[in-house]
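J.: Sharing a structure with you now.
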Amino acid sequence: MGTSTIESNGLITLTTDSNGYIIANYNGLELPIHLKDTRTGGTGQSQYLTSGHGNNDVAYGWTPVAADVLDGVGIYIAINNPITQYYSYSEGFPYKLPAYYVYTFSLESGQITGSYLDTGEFEDINKVLDRVDRAATYDFEYDILYWGAEENIENKLKS
């Protein structure tokens, strides 16, 4: 099992390994959670999730909160909390902190397969990556990917 336990309340135990990769431990398997661009014409690149990815002067970065199994797939939830004394919401930024993202991943490989949008709808990861590409021009495309403070998802997740 990984070197440091993050969370173990469900069927999946989340840990990190010596590289800082987030590992889903499930049914005796150690699955590094990773994103691979498999779109036609995509880059084919893989990126392993790490705790604190995207940290900066005003936010701690994406930190794992929980993982579990739903309908035969892994569910992974991460939060990006603001560093309160330095954070203020900028009008036009697509979401307010704290913000969450919710990914699905394969229980055989750890590869991310999709995301739950802030509407509650599931979207295949290839469509999500297309959205990210469009967001370089249209910021509003980011908003739907993250459950920002305005959606009050924290209380919904706890219920």
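To be explicit about the labels: the chains of the structure tokens are called A, B, and onward in the order shown, and within each one the residues are counted from 1, while ligands get numbers from 1 in the order they are shown.
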Can you list, as an MDAnalysis selection string, every residue of segment 62-128 of chain A that DSSP puts in alpha helix (DSSP H)?

T.: chainID A and resid 125:128

J.: Segment 32-39 of chain A: which residues within 7 Å, counting only C-alpha atoms, same-chain residues fewer than 2 positions away excluded, as a PDB file with N, CA and C atoms, in the first residue's frame?

T.:
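Everything below was put into around-v6.pdb:
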ATOM      1  N   TYR A  21       2.225  10.438  -6.123  1.00  0.00           N
ATOM      2  CA  TYR A  21       1.050  10.089  -6.903  1.00  0.00           C
ATOM      3  C   TYR A  21      -0.065   9.611  -5.982  1.00  0.00           C
ATOM      4  N   ILE A  22      -1.297   9.923  -6.353  1.00  0.00           N
ATOM      5  CA  ILE A  22      -2.454   9.460  -5.592  1.00  0.00           C
ATOM      6  C   ILE A  22      -2.796   8.052  -6.063  1.00  0.00           C
ATOM      7  N   ILE A  23      -2.893   7.146  -5.095  1.00  0.00           N
ATOM      8  CA  ILE A  23      -3.120   5.728  -5.370  1.00  0.00           C
ATOM      9  C   ILE A  23      -4.464   5.313  -4.778  1.00  0.00           C
ATOM     10  N   ALA A  24      -5.282   4.649  -5.610  1.00  0.00           N
ATOM     11  CA  ALA A  24      -6.528   4.053  -5.128  1.00  0.00           C
ATOM     12  C   ALA A  24      -6.229   2.580  -4.849  1.00  0.00           C
ATOM     13  N   GLU A  30      -3.173  -1.700  -6.436  1.00  0.00           N
ATOM     14  CA  GLU A  30      -2.733  -0.325  -6.211  1.00  0.00           C
ATOM     15  C   GLU A  30      -2.833   0.399  -7.549  1.00  0.00           C
ATOM     16  N   GLY A  41      -6.573  12.269 -32.487  1.00  0.00           N
ATOM     17  CA  GLY A  41      -5.814  13.499 -32.693  1.00  0.00           C
ATOM     18  C   GLY A  41      -5.305  14.112 -31.404  1.00  0.00           C
ATOM     19  N   GLY A  42      -5.564  13.457 -30.257  1.00  0.00           N
ATOM     20  CA  GLY A  42      -5.089  13.954 -28.965  1.00  0.00           C
ATOM     21  C   GLY A  42      -3.599  13.727 -28.802  1.00  0.00           C
ATOM     22  N   THR A  43      -3.066  14.176 -27.688  1.00  0.00           N
ATOM     23  CA  THR A  43      -1.622  14.097 -27.457  1.00  0.00           C
ATOM     24  C   THR A  43      -1.163  12.709 -27.036  1.00  0.00           C
ATOM     25  N   GLY A  44      -2.070  11.909 -26.461  1.00  0.00           N
ATOM     26  CA  GLY A  44      -1.682  10.598 -25.953  1.00  0.00           C
ATOM     27  C   GLY A  44      -0.940  10.671 -24.630  1.00  0.00           C
ATOM     28  N   GLN A  45      -0.746  11.865 -24.115  1.00  0.00           N
ATOM     29  CA  GLN A  45       0.004  12.045 -22.871  1.00  0.00           C
ATOM     30  C   GLN A  45      -0.792  11.557 -21.666  1.00  0.00           C
ATOM     31  N   SER A  46      -0.050  11.109 -20.643  1.00  0.00           N
ATOM     32  CA  SER A  46      -0.646  10.725 -19.359  1.00  0.00           C
ATOM     33  C   SER A  46      -0.143  11.668 -18.285  1.00  0.00           C
ATOM     34  N   GLN A  47      -1.008  11.925 -17.309  1.00  0.00           N
ATOM     35  CA  GLN A  47      -0.611  12.728 -16.149  1.00  0.00           C
ATOM     36  C   GLN A  47      -1.176  12.055 -14.914  1.00  0.00           C
ATOM     37  N   TYR A  48      -0.306  11.780 -13.945  1.00  0.00           N
ATOM     38  CA  TYR A  48      -0.726  11.169 -12.688  1.00  0.00           C
ATOM     39  C   TYR A  48      -1.159  12.266 -11.726  1.00  0.00           C
ATOM     40  N   LEU A  49      -2.259  12.024 -11.013  1.00  0.00           N
ATOM     41  CA  LEU A  49      -2.742  13.011 -10.051  1.00  0.00           C
ATOM     42  C   LEU A  49      -1.830  13.043  -8.840  1.00  0.00           C
ATOM     43  N   GLY A 110      -6.973   2.504 -13.004  1.00  0.00           N
ATOM     44  CA  GLY A 110      -6.835   3.814 -12.373  1.00  0.00           C
ATOM     45  C   GLY A 110      -6.991   4.970 -13.345  1.00  0.00           C
ATOM     46  N   GLN A 111      -7.195   4.666 -14.635  1.00  0.00           N
ATOM     47  CA  GLN A 111      -7.333   5.717 -15.637  1.00  0.00           C
ATOM     48  C   GLN A 111      -8.667   6.437 -15.469  1.00  0.00           C
ATOM     49  N   ILE A 112      -8.619   7.765 -15.497  1.00  0.00           N
ATOM     50  CA  ILE A 112      -9.822   8.588 -15.373  1.00  0.00           C
ATOM     51  C   ILE A 112     -10.686   8.395 -16.615  1.00  0.00           C
ATOM     52  N   ASN A 126     -13.216  12.328 -22.621  1.00  0.00           N
ATOM     53  CA  ASN A 126     -12.842  12.952 -23.892  1.00  0.00           C
ATOM     54  C   ASN A 126     -13.618  14.238 -24.131  1.00  0.00           C
TER      55      ASN A 126
END

J.: Just the number, please: distance in Å from atom CA of Ala78 of chain A to atom CA of Ala66 of chain A, one decimal.

T.: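 Separation between atom CA of Ala78 of chain A and atom CA of Ala66 of chain A: 7.1 Å.
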
J.: Compile the contact shell of Thr5 of chain A as a list in words: residues with an atom at most 7 Å away, counting only C-alpha atoms, same-chain residues fewer than 2 positions apart removed.

T.: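 The contact residues come out as Thr3, Glu7, Leu14, Thr15 and Thr16 of chain A.
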
J.: Near Asp130 of chain A, within 12 Å and counting only C-alpha atoms, which residues show up once chain neighbours fewer than 2 positions away are dropped, as a PDB file with C-alpha atoms, in the first residue's frame?

T.:
ATOM      1  CA  ASP A  37      -5.588  11.848 -23.539  1.00  0.00           C
ATOM      2  CA  THR A  38      -7.051   9.109 -25.772  1.00  0.00           C
ATOM      3  CA  ARG A  39      -8.960  11.409 -28.119  1.00  0.00           C
ATOM      4  CA  THR A  40      -8.528  10.999 -31.864  1.00  0.00           C
ATOM      5  CA  GLY A  41      -5.814  13.499 -32.693  1.00  0.00           C
ATOM      6  CA  GLY A  42      -5.089  13.954 -28.965  1.00  0.00           C
ATOM      7  CA  GLU A 123     -19.531  13.498 -19.024  1.00  0.00           C
ATOM      8  CA  ASP A 124     -17.014  11.209 -20.729  1.00  0.00           C
ATOM      9  CA  ILE A 125     -13.399  12.306 -20.178  1.00  0.00           C
ATOM     10  CA  ASN A 126     -12.842  12.952 -23.892  1.00  0.00           C
ATOM     11  CA  LYS A 127     -15.683  15.486 -23.876  1.00  0.00           C
ATOM     12  CA  VAL A 128     -14.252  17.008 -20.696  1.00  0.00           C
ATOM     13  CA  VAL A 132     -10.812  22.267 -21.393  1.00  0.00           C
ATOM     14  CA  ASP A 133      -9.412  22.980 -24.854  1.00  0.00           C
ATOM     15  CA  ARG A 134     -12.330  25.330 -25.620  1.00  0.00           C
ATOM     16  CA  ALA A 135     -11.878  27.048 -22.246  1.00  0.00           C
ATOM     17  CA  ALA A 136      -8.635  28.570 -23.511  1.00  0.00           C
ATOM     18  CA  THR A 137     -10.964  30.858 -25.489  1.00  0.00           C
ATOM     19  CA  TYR A 138     -14.210  30.652 -23.501  1.00  0.00           C
ATOM     20  CA  GLU A 141     -16.357  26.213 -20.144  1.00  0.00           C
ATOM     21  CA  TYR A 142     -14.365  25.829 -16.893  1.00  0.00           C
ATOM     22  CA  LEU A 145     -16.213  21.308 -14.570  1.00  0.00           C
TER      23      LEU A 145
END

J.: Could you list, as a list in words, every residue within 6 Å of segment 115-119 of chain A, counting only C-alpha atoms and ignoring same-chain residues fewer than 3 positions away?

T.: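 The neighbour list is Val102, Tyr103, Thr104, Phe122, Glu123, Ile144, Leu145, Tyr146 and Trp147 of chain A.
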
J.: Distance atom CA of Gly74 of chain A-atom CA of Gly61 of chain A, one decimal place?

T.: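 The value is 21.7 Å.
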
J.: To test your reading of the structure, identify every residue in segment 10-56 of chain A that backbone DSSP assigns to strand (DSSP E), and report it as a PyMOL selection string.

T.: chain A and resi 13-16+22-26+29-32+34-36+46-48

J.: Given the selection you just returned, output its residues as a file containing all heavy atoms, formatted as a short mmCIF file (atom, residue, chain, number, x, y, z; two decimals), in the first residue's frame.

T.:
data_model
loop_
_atom_site.label_atom_id
_atom_site.label_comp_id
_atom_site.auth_asym_id
_atom_site.auth_seq_id
_atom_site.Cartn_x
_atom_site.Cartn_y
_atom_site.Cartn_z
N THR A 13 -9.20 2.75 -0.38
CA THR A 13 -8.30 3.51 0.49
C THR A 13 -7.41 4.36 -0.41
O THR A 13 -6.75 3.84 -1.31
CB THR A 13 -7.42 2.57 1.35
OG1 THR A 13 -8.29 1.80 2.20
CG2 THR A 13 -6.45 3.35 2.20
N LEU A 14 -7.42 5.66 -0.19
CA LEU A 14 -6.58 6.57 -0.96
C LEU A 14 -5.26 6.77 -0.23
O LEU A 14 -5.24 7.06 0.97
CB LEU A 14 -7.24 7.94 -1.10
CG LEU A 14 -8.28 8.13 -2.18
CD1 LEU A 14 -8.79 9.57 -2.16
CD2 LEU A 14 -7.74 7.79 -3.54
N THR A 15 -4.17 6.60 -0.96
CA THR A 15 -2.84 6.82 -0.40
C THR A 15 -2.02 7.61 -1.41
O THR A 15 -2.45 7.85 -2.54
CB THR A 15 -2.12 5.48 -0.09
OG1 THR A 15 -1.99 4.74 -1.31
CG2 THR A 15 -2.89 4.66 0.93
N THR A 16 -0.83 8.00 -1.00
CA THR A 16 0.15 8.54 -1.94
C THR A 16 1.35 7.61 -1.93
O THR A 16 1.60 6.91 -0.94
CB THR A 16 0.61 9.96 -1.55
OG1 THR A 16 1.11 9.95 -0.22
CG2 THR A 16 -0.52 10.95 -1.66
N ILE A 22 -1.30 9.92 -6.35
CA ILE A 22 -2.45 9.46 -5.59
C ILE A 22 -2.80 8.05 -6.06
O ILE A 22 -2.96 7.81 -7.26
CB ILE A 22 -3.63 10.43 -5.77
CG1 ILE A 22 -3.24 11.79 -5.20
CG2 ILE A 22 -4.89 9.88 -5.10
CD1 ILE A 22 -4.16 12.91 -5.54
N ILE A 23 -2.89 7.15 -5.09
CA ILE A 23 -3.12 5.73 -5.37
C ILE A 23 -4.46 5.31 -4.78
O ILE A 23 -4.74 5.58 -3.61
CB ILE A 23 -2.00 4.85 -4.74
CG1 ILE A 23 -0.61 5.35 -5.15
CG2 ILE A 23 -2.22 3.39 -5.08
CD1 ILE A 23 -0.30 5.23 -6.61
N ALA A 24 -5.28 4.65 -5.61
CA ALA A 24 -6.53 4.05 -5.13
C ALA A 24 -6.23 2.58 -4.85
O ALA A 24 -5.86 1.84 -5.75
CB ALA A 24 -7.62 4.18 -6.18
N ASN A 25 -6.34 2.17 -3.60
CA ASN A 25 -6.12 0.79 -3.20
C ASN A 25 -7.49 0.12 -3.13
O ASN A 25 -8.32 0.48 -2.31
CB ASN A 25 -5.42 0.75 -1.85
CG ASN A 25 -4.07 1.44 -1.90
OD1 ASN A 25 -3.07 0.83 -2.22
ND2 ASN A 25 -4.05 2.74 -1.60
N TYR A 26 -7.68 -0.87 -4.02
CA TYR A 26 -8.99 -1.50 -4.15
C TYR A 26 -8.81 -2.97 -4.50
O TYR A 26 -8.11 -3.30 -5.46
CB TYR A 26 -9.81 -0.79 -5.23
CG TYR A 26 -11.13 -1.43 -5.51
CD1 TYR A 26 -12.17 -1.34 -4.60
CD2 TYR A 26 -11.35 -2.15 -6.68
CE1 TYR A 26 -13.39 -1.94 -4.85
CE2 TYR A 26 -12.57 -2.74 -6.95
CZ TYR A 26 -13.59 -2.64 -6.02
OH TYR A 26 -14.79 -3.23 -6.27
N LEU A 29 -5.44 -4.25 -5.39
CA LEU A 29 -4.73 -3.54 -6.45
C LEU A 29 -4.32 -2.16 -5.98
O LEU A 29 -5.05 -1.51 -5.23
CB LEU A 29 -5.62 -3.40 -7.69
CG LEU A 29 -6.08 -4.69 -8.37
CD1 LEU A 29 -7.09 -4.35 -9.48
CD2 LEU A 29 -4.90 -5.44 -8.94
N GLU A 30 -3.17 -1.70 -6.44
CA GLU A 30 -2.73 -0.33 -6.21
C GLU A 30 -2.83 0.40 -7.55
O GLU A 30 -2.05 0.12 -8.47
CB GLU A 30 -1.31 -0.29 -5.67
CG GLU A 30 -1.20 -0.86 -4.27
CD GLU A 30 0.18 -0.70 -3.66
OE1 GLU A 30 1.05 -0.05 -4.27
OE2 GLU A 30 0.38 -1.24 -2.57
N LEU A 31 -3.81 1.28 -7.66
CA LEU A 31 -4.12 1.93 -8.93
C LEU A 31 -3.74 3.41 -8.88
O LEU A 31 -4.42 4.21 -8.23
CB LEU A 31 -5.62 1.82 -9.22
CG LEU A 31 -6.22 0.41 -9.17
CD1 LEU A 31 -7.74 0.47 -9.15
CD2 LEU A 31 -5.71 -0.40 -10.35
N PRO A 32 -2.66 3.80 -9.55
CA PRO A 32 -2.35 5.24 -9.61
C PRO A 32 -3.43 5.92 -10.46
O PRO A 32 -3.68 5.52 -11.60
CB PRO A 32 -0.99 5.30 -10.29
CG PRO A 32 -0.67 3.95 -10.77
CD PRO A 32 -1.69 2.99 -10.25
N HIS A 34 -4.83 8.38 -12.89
CA HIS A 34 -4.17 9.17 -13.94
C HIS A 34 -5.13 9.50 -15.07
O HIS A 34 -6.13 8.83 -15.29
CB HIS A 34 -2.96 8.41 -14.49
CG HIS A 34 -3.30 7.11 -15.15
ND1 HIS A 34 -3.63 5.98 -14.44
CD2 HIS A 34 -3.39 6.78 -16.45
CE1 HIS A 34 -3.89 4.99 -15.28
NE2 HIS A 34 -3.75 5.45 -16.51
N LEU A 35 -4.77 10.55 -15.76
CA LEU A 35 -5.53 11.04 -16.90
C LEU A 35 -4.71 10.77 -18.15
O LEU A 35 -3.52 11.09 -18.20
CB LEU A 35 -5.76 12.54 -16.75
CG LEU A 35 -6.48 13.25 -17.89
CD1 LEU A 35 -7.90 12.72 -18.04
CD2 LEU A 35 -6.50 14.74 -17.63
N LYS A 36 -5.33 10.16 -19.15
CA LYS A 36 -4.65 9.93 -20.42
C LYS A 36 -5.52 10.48 -21.54
O LYS A 36 -6.71 10.21 -21.61
CB LYS A 36 -4.40 8.44 -20.64
CG LYS A 36 -3.63 8.18 -21.91
CD LYS A 36 -3.17 6.75 -22.03
CE LYS A 36 -2.34 6.62 -23.31
NZ LYS A 36 -1.74 5.34 -23.44
N SER A 46 -0.05 11.11 -20.64
CA SER A 46 -0.65 10.72 -19.36
C SER A 46 -0.14 11.67 -18.29
O SER A 46 0.99 12.14 -18.35
CB SER A 46 -0.24 9.30 -18.98
OG SER A 46 -0.86 8.36 -19.80
N GLN A 47 -1.01 11.92 -17.31
CA GLN A 47 -0.61 12.73 -16.15
C GLN A 47 -1.18 12.05 -14.91
O GLN A 47 -2.37 11.78 -14.84
CB GLN A 47 -1.14 14.15 -16.25
CG GLN A 47 -0.77 15.00 -15.06
CD GLN A 47 -1.27 16.43 -15.18
OE1 GLN A 47 -1.88 16.82 -16.17
NE2 GLN A 47 -1.03 17.22 -14.16
N TYR A 48 -0.31 11.78 -13.95
CA TYR A 48 -0.73 11.17 -12.69
C TYR A 48 -1.16 12.27 -11.73
O TYR A 48 -0.52 13.31 -11.65
CB TYR A 48 0.40 10.33 -12.10
CG TYR A 48 0.66 9.09 -12.93
CD1 TYR A 48 1.53 9.13 -14.01
CD2 TYR A 48 -0.03 7.91 -12.67
CE1 TYR A 48 1.73 8.01 -14.80
CE2 TYR A 48 0.17 6.79 -13.45
CZ TYR A 48 1.04 6.84 -14.51
OH TYR A 48 1.22 5.74 -15.30
#
